[in-house]
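Scroll down for the structure; my scribbles are underneath it.
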Amino acid sequence: MRCLVVDDEPRLRRVLVRLLEGEGFRCVEAGSGVEALAQLEREPVPLVISDLRMPEMDGVALLREVTTRWPETAVIVVTAVAEVESAVACLRMGALDYVAKPFHLDEVRARVAQALDKRRLLQENRNYQQHLEERVEAQARRIEELFLEGVHALVYALEAKDGYTRGHSMRVANYAAGTAAALGLDAELVDTIILGAELHDVGKIGVSEGVLHKAGKLTDDEYRHIMEHTVIGARILGPLMRDAPGALAIVRSHHERLDGKGSPDGLKGAAIPLEARLVSVADAFDAMTSVRPYRPSLSVAHAMDELKVWKGVQFEPAIVDAFQRAFPETAALPIPTPQLQPLRLPVRAMEARRA
Ligand SMILES: [Fe+2]
């Protein structure tokens with residue numbers, strides 16, 4: 001290991017060099033702080049032993065430079081007995097130890113060994129902290145993956161039970177994303193809306209298959225049972241989606257109506273979360289333009305007219321207008337079922353997890 005010995009007295013320098021070389025160090029010498037800095041700039045060393053009182057640049061100024069520019073270098077200061085206060089000040093500034101003159105060689109050996117041990121521990125600690133940060137980040141990523149895997153498992157389970165819902169949810173997510181963009185909503189909110197739209201009907205997992213697939217008209221009880229999917233979905237996803245309240249609001253409130261006659265809470269107007277008001281338009285349009293076991297699909301033009309008819313009653317007018325701006329080409333509608341995309345978490349939710 002290399003060592004830099006700094007002292008303006010050549011005799012003392014030589015004593016230290018001989019001692020350290022006896023311990024296996026390869027030493028370079030400097031007669032002042034300025035010379036020492038020049039040496040370090042040429043080749044940094046792991047250990048510096050420096051006198052405090054020197055011409056040009058003293059040991060304190062040298063220590064300040066070394067701890068700032070070469071934080072991996074261990075510094076031991078050599079002081080006169082009367083300079084204990086300066087020695088303590090040096091320890092505060094980052095010196096790892098000090099040796100008082102006149103010194104015993106054994107004492108110097110012990111201090112050097114101790115300082116190098118401290119240096120090694122400091123380095124290990126620094127590495128450990130760096131790895132810890134990496135590990136925390138990797139775990140945060142894993143938690144996100146587990147969250148999405150959990151949500152995916154629910155979506156797949158529903159898909160197995162009701163093939164219509166997945167295609168429907170993907171199309172609703174696309175309609176909702178286009179409408180959100182036409183309204184100029186920010187990217188984070190668009191991500192929330194996409195996630196919520198893809199999951200909005202997940203509660204149908206808890207609806208009996210007989211009712212879900214019934215070809216004829218539903219009785220009032222059956223209709224009420226189907227409409228429970230909003231509450232069931234919110235209950236299932238609630239613990240998983242504490243960090244994505246906007247998406248959860250879509251699951252619970254996408255069947256609310258502007259006039260307060262919707263379900264499950266009968267929310268009215270602005271009391272319905274914006275995300276849910278938006279998805280309800282996309283949801284209704286896709287439901288109307290899809291063939292269901294109990295009825296044929298409406299034409300696109302007819303579905304667009306229905307949205308206009310229910311503007312201000314069931315749907316928010318500005319959202320219907322944005323929907324129609326975003327999807328003006330009736331010839332290209334309804335959109336085909338999009339490819340299965342990996343679910344995306346809203347940015348804010350991911351950041352909250354990291355924090
Ligand atoms: Fe629904």
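Scheme for the structure tokens: letters A, B, ... for chains in order shown; per-chain residue numbers from 1; ligand numbers from 1 in order shown.
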Hey, which residues come within 10 Å of ligand 1 if we count only C-alpha atoms and all ligand atoms? Could you give them as an NGL selection string? :A and (165 or 168-169 or 197 or 199-204 or 226-230 or 233 or 250-255 or 279-280 or 283-284 or 287)
Residues within 9 Å of range 118-130 of chain A, please, as a PyMOL selection string. Count only C-alpha atoms; anything in the same chain fewer than 6 positions from it doesn't count. chain A and resi 46+72-74+96
Please produce a file of the residues just selected, as a PDB file, in the first residue's frame, where the atoms kept are C-alpha atoms.
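result_31.pdb written:
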```pdb
ATOM      1  CA  PRO A  46      -4.844   5.514   0.439  1.00  0.00           C
ATOM      2  CA  GLU A  72     -11.203   7.677   0.047  1.00  0.00           C
ATOM      3  CA  THR A  73      -7.821   8.753   1.464  1.00  0.00           C
ATOM      4  CA  ALA A  74      -7.210   8.252   5.202  1.00  0.00           C
ATOM      5  CA  LEU A  96      -9.055   9.527  10.989  1.00  0.00           C
TER       6      LEU A  96
END
```
Could you tell me, as a ChimeraX atom specification, which residues of range 62-227 of chain A DSSP assigns to strand (DSSP E or B) when given the backbone? /A:74-80,97-101
Near Ser297 in chain A, counting only C-alpha atoms, which residues have an atom at most 9 Å away, once you skip same-chain residues fewer than 6 positions from it, shown as a ChimeraX atom specification? /A:287-291
Which of range 166-347 of chain A counts as alpha helix (DSSP H) under DSSP, as an NGL selection string please? :A and (166-182 or 187-199 or 209-212 or 220-227 or 229-237 or 245-253 or 274-288 or 300-309 or 317-326 or 347)
Writer output for current selection, C-alpha atoms, as an mmCIF file, in the first residue's frame:
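And here's part-v6.cif as it stands now:
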```cif
data_model
loop_
_atom_site.group_PDB
_atom_site.id
_atom_site.type_symbol
_atom_site.label_atom_id
_atom_site.label_comp_id
_atom_site.auth_asym_id
_atom_site.auth_seq_id
_atom_site.Cartn_x
_atom_site.Cartn_y
_atom_site.Cartn_z
ATOM 1 C CA ARG A 166 -61.970 -8.146 -21.686
ATOM 2 C CA GLY A 167 -62.553 -6.926 -25.242
ATOM 3 C CA HIS A 168 -65.080 -4.473 -23.879
ATOM 4 C CA SER A 169 -62.684 -3.182 -21.212
ATOM 5 C CA MET A 170 -59.846 -2.735 -23.699
ATOM 6 C CA ARG A 171 -62.095 -0.801 -26.083
ATOM 7 C CA VAL A 172 -63.468 1.340 -23.246
ATOM 8 C CA ALA A 173 -59.872 2.078 -22.175
ATOM 9 C CA ASN A 174 -59.053 3.214 -25.710
ATOM 10 C CA TYR A 175 -62.175 5.369 -26.007
ATOM 11 C CA ALA A 176 -61.473 6.852 -22.573
ATOM 12 C CA ALA A 177 -57.811 7.577 -23.405
ATOM 13 C CA GLY A 178 -58.824 9.364 -26.646
ATOM 14 C CA THR A 179 -61.484 11.387 -24.824
ATOM 15 C CA ALA A 180 -59.084 12.302 -21.992
ATOM 16 C CA ALA A 181 -56.533 13.499 -24.563
ATOM 17 C CA ALA A 182 -59.228 15.568 -26.338
ATOM 18 C CA ALA A 187 -50.491 12.214 -18.905
ATOM 19 C CA GLU A 188 -50.669 11.003 -15.310
ATOM 20 C CA LEU A 189 -54.443 11.354 -15.231
ATOM 21 C CA VAL A 190 -54.713 9.638 -18.621
ATOM 22 C CA ASP A 191 -52.749 6.663 -17.186
ATOM 23 C CA THR A 192 -55.111 6.542 -14.198
ATOM 24 C CA ILE A 193 -58.111 6.580 -16.522
ATOM 25 C CA ILE A 194 -56.688 3.801 -18.709
ATOM 26 C CA LEU A 195 -55.983 1.594 -15.685
ATOM 27 C CA GLY A 196 -59.433 2.230 -14.205
ATOM 28 C CA ALA A 197 -61.156 1.656 -17.562
ATOM 29 C CA GLU A 198 -59.395 -1.677 -18.072
ATOM 30 C CA LEU A 199 -60.523 -2.794 -14.618
ATOM 31 C CA GLU A 209 -72.928 -16.637 -14.503
ATOM 32 C CA GLY A 210 -76.574 -17.432 -15.077
ATOM 33 C CA VAL A 211 -77.421 -13.741 -14.789
ATOM 34 C CA LEU A 212 -74.312 -12.560 -16.618
ATOM 35 C CA ASP A 220 -85.383 -6.171 -11.581
ATOM 36 C CA ASP A 221 -83.585 -8.400 -9.070
ATOM 37 C CA GLU A 222 -81.222 -9.711 -11.731
ATOM 38 C CA TYR A 223 -80.483 -6.178 -12.913
ATOM 39 C CA ARG A 224 -79.776 -5.118 -9.318
ATOM 40 C CA HIS A 225 -77.500 -8.148 -8.926
ATOM 41 C CA ILE A 226 -75.518 -7.256 -12.066
ATOM 42 C CA MET A 227 -75.188 -3.643 -10.950
ATOM 43 C CA HIS A 229 -70.385 -5.386 -9.813
ATOM 44 C CA THR A 230 -69.307 -1.782 -9.103
ATOM 45 C CA VAL A 231 -69.310 -2.305 -5.349
ATOM 46 C CA ILE A 232 -67.827 -5.803 -5.604
ATOM 47 C CA GLY A 233 -65.035 -4.509 -7.886
ATOM 48 C CA ALA A 234 -64.205 -1.650 -5.529
ATOM 49 C CA ARG A 235 -64.164 -4.070 -2.593
ATOM 50 C CA ILE A 236 -61.834 -6.501 -4.398
ATOM 51 C CA LEU A 237 -59.457 -3.839 -5.692
ATOM 52 C CA PRO A 245 -57.702 6.276 -5.892
ATOM 53 C CA GLY A 246 -58.691 7.718 -9.288
ATOM 54 C CA ALA A 247 -58.701 4.272 -10.891
ATOM 55 C CA LEU A 248 -60.617 2.832 -7.950
ATOM 56 C CA ALA A 249 -63.220 5.624 -8.303
ATOM 57 C CA ILE A 250 -63.788 4.500 -11.901
ATOM 58 C CA VAL A 251 -64.461 0.932 -10.755
ATOM 59 C CA ARG A 252 -67.021 2.069 -8.173
ATOM 60 C CA SER A 253 -68.643 5.026 -9.923
ATOM 61 C CA LEU A 274 -64.154 13.168 -13.236
ATOM 62 C CA GLU A 275 -62.432 9.876 -14.132
ATOM 63 C CA ALA A 276 -65.706 8.000 -13.616
ATOM 64 C CA ARG A 277 -67.799 10.573 -15.533
ATOM 65 C CA LEU A 278 -65.413 10.155 -18.445
ATOM 66 C CA VAL A 279 -65.338 6.351 -18.436
ATOM 67 C CA SER A 280 -69.132 6.188 -18.199
ATOM 68 C CA VAL A 281 -69.416 7.850 -21.646
ATOM 69 C CA ALA A 282 -66.841 5.469 -23.183
ATOM 70 C CA ASP A 283 -68.509 2.495 -21.447
ATOM 71 C CA ALA A 284 -71.983 3.384 -22.680
ATOM 72 C CA PHE A 285 -70.814 3.932 -26.258
ATOM 73 C CA ASP A 286 -69.050 0.565 -26.386
ATOM 74 C CA ALA A 287 -71.961 -1.247 -24.757
ATOM 75 C CA MET A 288 -74.368 0.235 -27.319
ATOM 76 C CA VAL A 300 -72.539 3.938 -34.514
ATOM 77 C CA ALA A 301 -74.650 6.895 -35.675
ATOM 78 C CA HIS A 302 -77.495 5.756 -33.408
ATOM 79 C CA ALA A 303 -75.127 5.345 -30.443
ATOM 80 C CA MET A 304 -73.687 8.833 -31.045
ATOM 81 C CA ASP A 305 -77.256 10.232 -31.112
ATOM 82 C CA GLU A 306 -78.020 8.465 -27.820
ATOM 83 C CA LEU A 307 -74.970 10.093 -26.213
ATOM 84 C CA LYS A 308 -76.280 13.473 -27.377
ATOM 85 C CA VAL A 309 -79.818 12.717 -26.133
ATOM 86 C CA PRO A 317 -71.859 17.488 -21.963
ATOM 87 C CA ALA A 318 -68.177 18.503 -22.191
ATOM 88 C CA ILE A 319 -67.137 14.849 -22.050
ATOM 89 C CA VAL A 320 -69.614 13.765 -24.737
ATOM 90 C CA ASP A 321 -68.324 16.636 -26.939
ATOM 91 C CA ALA A 322 -64.711 15.570 -26.310
ATOM 92 C CA PHE A 323 -65.622 11.953 -27.134
ATOM 93 C CA GLN A 324 -67.169 13.038 -30.419
ATOM 94 C CA ARG A 325 -64.150 15.234 -31.225
ATOM 95 C CA ALA A 326 -61.791 12.345 -30.446
ATOM 96 C CA VAL A 347 -47.013 7.576 -12.422
#
```
Skip range 30-44 of chain A itself and residues of its chain fewer than 5 positions away, then list as a ChimeraX atom specification all residues within 12 Å of it, counting only C-alpha atoms. /A:1-14,17,49-67,69-74
Keeping only N, CA, C and O atoms, write the selected residues as a short mmCIF file (atom, residue, chain, number, x, y, z; two decimals), in the first residue's frame.
```
data_model
loop_
_atom_site.label_atom_id
_atom_site.label_comp_id
_atom_site.auth_asym_id
_atom_site.auth_seq_id
_atom_site.Cartn_x
_atom_site.Cartn_y
_atom_site.Cartn_z
N MET A 1 0.85 -1.21 0.00
CA MET A 1 0.00 0.00 0.00
C MET A 1 0.88 1.25 0.00
O MET A 1 1.91 1.27 0.67
N ARG A 2 0.43 2.27 -0.76
CA ARG A 2 1.23 3.49 -0.83
C ARG A 2 0.84 4.45 0.29
O ARG A 2 -0.31 4.45 0.75
N CYS A 3 1.81 5.28 0.69
CA CYS A 3 1.57 6.23 1.78
C CYS A 3 2.34 7.51 1.49
O CYS A 3 3.46 7.47 0.97
N LEU A 4 1.70 8.67 1.78
CA LEU A 4 2.38 9.95 1.58
C LEU A 4 2.72 10.54 2.95
O LEU A 4 1.83 10.71 3.80
N VAL A 5 4.03 10.82 3.16
CA VAL A 5 4.46 11.39 4.44
C VAL A 5 4.77 12.87 4.22
O VAL A 5 5.60 13.22 3.38
N VAL A 6 4.06 13.75 4.95
CA VAL A 6 4.21 15.19 4.74
C VAL A 6 4.76 15.83 6.01
O VAL A 6 4.11 15.79 7.07
N ASP A 7 5.95 16.41 5.94
CA ASP A 7 6.55 17.11 7.08
C ASP A 7 7.64 18.01 6.54
O ASP A 7 8.33 17.64 5.59
N ASP A 8 7.75 19.21 7.14
CA ASP A 8 8.81 20.10 6.63
C ASP A 8 10.17 19.77 7.23
O ASP A 8 11.17 20.30 6.82
N GLU A 9 10.20 18.89 8.22
CA GLU A 9 11.48 18.47 8.79
C GLU A 9 11.92 17.14 8.18
O GLU A 9 11.31 16.10 8.47
N PRO A 10 12.99 17.17 7.36
CA PRO A 10 13.40 15.95 6.67
C PRO A 10 13.73 14.81 7.63
O PRO A 10 13.45 13.65 7.35
N ARG A 11 14.24 15.15 8.82
CA ARG A 11 14.66 14.09 9.74
C ARG A 11 13.43 13.29 10.25
O ARG A 11 13.42 12.08 10.21
N LEU A 12 12.41 14.06 10.60
CA LEU A 12 11.18 13.39 11.09
C LEU A 12 10.51 12.56 9.98
O LEU A 12 9.99 11.49 10.20
N ARG A 13 10.57 13.15 8.78
CA ARG A 13 9.98 12.46 7.62
C ARG A 13 10.64 11.09 7.46
O ARG A 13 9.98 10.08 7.26
N ARG A 14 11.99 11.13 7.57
CA ARG A 14 12.74 9.90 7.33
C ARG A 14 12.40 8.83 8.40
O ARG A 14 12.26 7.66 8.10
N VAL A 17 9.12 7.41 7.39
CA VAL A 17 9.22 6.61 6.17
C VAL A 17 9.83 5.25 6.49
O VAL A 17 9.34 4.20 6.07
N ILE A 49 0.12 10.78 6.06
CA ILE A 49 0.48 11.16 7.42
C ILE A 49 1.09 12.55 7.33
O ILE A 49 2.06 12.76 6.59
N SER A 50 0.46 13.53 8.01
CA SER A 50 0.89 14.90 7.77
C SER A 50 1.12 15.66 9.08
O SER A 50 0.32 15.55 10.02
N ASP A 51 2.20 16.42 9.09
CA ASP A 51 2.46 17.34 10.18
C ASP A 51 1.43 18.47 10.08
O ASP A 51 0.82 18.69 9.03
N LEU A 52 1.22 19.21 11.21
CA LEU A 52 0.25 20.32 11.15
C LEU A 52 0.94 21.64 10.81
O LEU A 52 0.44 22.42 10.01
N ARG A 53 2.08 21.89 11.47
CA ARG A 53 2.74 23.18 11.25
C ARG A 53 3.75 23.07 10.13
O ARG A 53 4.77 22.41 10.26
N MET A 54 3.44 23.71 9.05
CA MET A 54 4.36 23.68 7.89
C MET A 54 4.26 25.02 7.18
O MET A 54 3.21 25.68 7.26
N PRO A 55 5.28 25.44 6.49
CA PRO A 55 5.21 26.69 5.73
C PRO A 55 4.29 26.50 4.51
O PRO A 55 3.90 25.38 4.20
N GLU A 56 3.98 27.58 3.84
CA GLU A 56 3.10 27.61 2.64
C GLU A 56 1.67 27.18 3.00
O GLU A 56 0.86 27.99 3.40
N MET A 57 1.44 25.89 2.91
CA MET A 57 0.11 25.40 3.24
C MET A 57 0.25 24.48 4.45
O MET A 57 1.00 23.50 4.40
N ASP A 58 -0.46 24.78 5.56
CA ASP A 58 -0.29 23.94 6.75
C ASP A 58 -1.15 22.66 6.67
O ASP A 58 -1.91 22.46 5.72
N GLY A 59 -1.01 21.85 7.71
CA GLY A 59 -1.68 20.55 7.72
C GLY A 59 -3.20 20.65 7.70
O GLY A 59 -3.88 19.81 7.11
N VAL A 60 -3.75 21.71 8.34
CA VAL A 60 -5.21 21.86 8.38
C VAL A 60 -5.76 22.13 6.97
O VAL A 60 -6.74 21.52 6.53
N ALA A 61 -5.08 23.06 6.28
CA ALA A 61 -5.53 23.39 4.91
C ALA A 61 -5.38 22.16 4.00
O ALA A 61 -6.25 21.88 3.16
N LEU A 62 -4.28 21.41 4.21
CA LEU A 62 -4.08 20.21 3.40
C LEU A 62 -5.20 19.19 3.67
O LEU A 62 -5.78 18.63 2.74
N LEU A 63 -5.51 19.02 4.98
CA LEU A 63 -6.56 18.07 5.35
C LEU A 63 -7.89 18.43 4.67
O LEU A 63 -8.60 17.57 4.16
N ARG A 64 -8.20 19.75 4.69
CA ARG A 64 -9.46 20.20 4.08
C ARG A 64 -9.51 19.82 2.60
O ARG A 64 -10.51 19.30 2.11
N GLU A 65 -8.39 20.06 1.91
CA GLU A 65 -8.32 19.71 0.48
C GLU A 65 -8.47 18.21 0.26
O GLU A 65 -9.21 17.77 -0.62
N VAL A 66 -7.76 17.44 1.09
CA VAL A 66 -7.75 15.98 0.86
C VAL A 66 -9.14 15.39 1.12
O VAL A 66 -9.65 14.59 0.32
N THR A 67 -9.79 15.80 2.23
CA THR A 67 -11.10 15.20 2.52
C THR A 67 -12.13 15.57 1.46
O THR A 67 -13.05 14.81 1.20
N ARG A 69 -11.32 16.44 -1.89
CA ARG A 69 -11.00 15.95 -3.24
C ARG A 69 -10.71 14.46 -3.31
O ARG A 69 -10.91 13.84 -4.35
N TRP A 70 -10.21 13.89 -2.22
CA TRP A 70 -9.92 12.44 -2.22
C TRP A 70 -10.56 11.80 -0.98
O TRP A 70 -9.86 11.41 -0.04
N PRO A 71 -11.86 11.72 -0.94
CA PRO A 71 -12.54 11.24 0.28
C PRO A 71 -12.15 9.80 0.66
O PRO A 71 -12.37 9.40 1.80
N GLU A 72 -11.59 9.06 -0.28
CA GLU A 72 -11.20 7.68 0.05
C GLU A 72 -9.86 7.62 0.78
O GLU A 72 -9.46 6.55 1.25
N THR A 73 -9.15 8.76 0.84
CA THR A 73 -7.82 8.75 1.46
C THR A 73 -7.93 8.96 2.98
O THR A 73 -8.64 9.87 3.43
N ALA A 74 -7.23 8.10 3.74
CA ALA A 74 -7.21 8.25 5.20
C ALA A 74 -6.09 9.22 5.57
O ALA A 74 -4.99 9.12 5.05
#
```
Using only C-alpha atoms, the shortest atom-to-atom distance to Met241 in chain A among A:Ala157, A:Cys27, A:Val151, A:Ala82 belongs to A:Val151
Fewer than 6 positions away in the same chain doesn't count, so skip those; otherwise give me all residues within 8 Å of Ala100 in chain A, counting only C-alpha atoms, as a VMD selection string. chain A and resid 78 to 81 84
Grab the CA of Pro328 in chain A to CA of Leu185 in chain A distance for me, in Å with one decimal place. 19.1 Å
For a quick check of understanding, using only C-alpha atoms, which of A:Arg109, A:Arg92, A:His131, A:Lys217 has the smallest distance to Arg18 in chain A?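 Of A:Arg109, A:Arg92, A:His131, A:Lys217, the one nearest Arg18 in chain A is A:Arg109, counting only C-alpha atoms.
Between CA of Gly206 in chain A and CA of Thr219 in chain A the interatomic distance comes to 18.1 Å.
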Between CA of Arg257 in chain A and CA of Phe315 in chain A, what is the distance in Å, rounded to a tenth? 6.5 Å
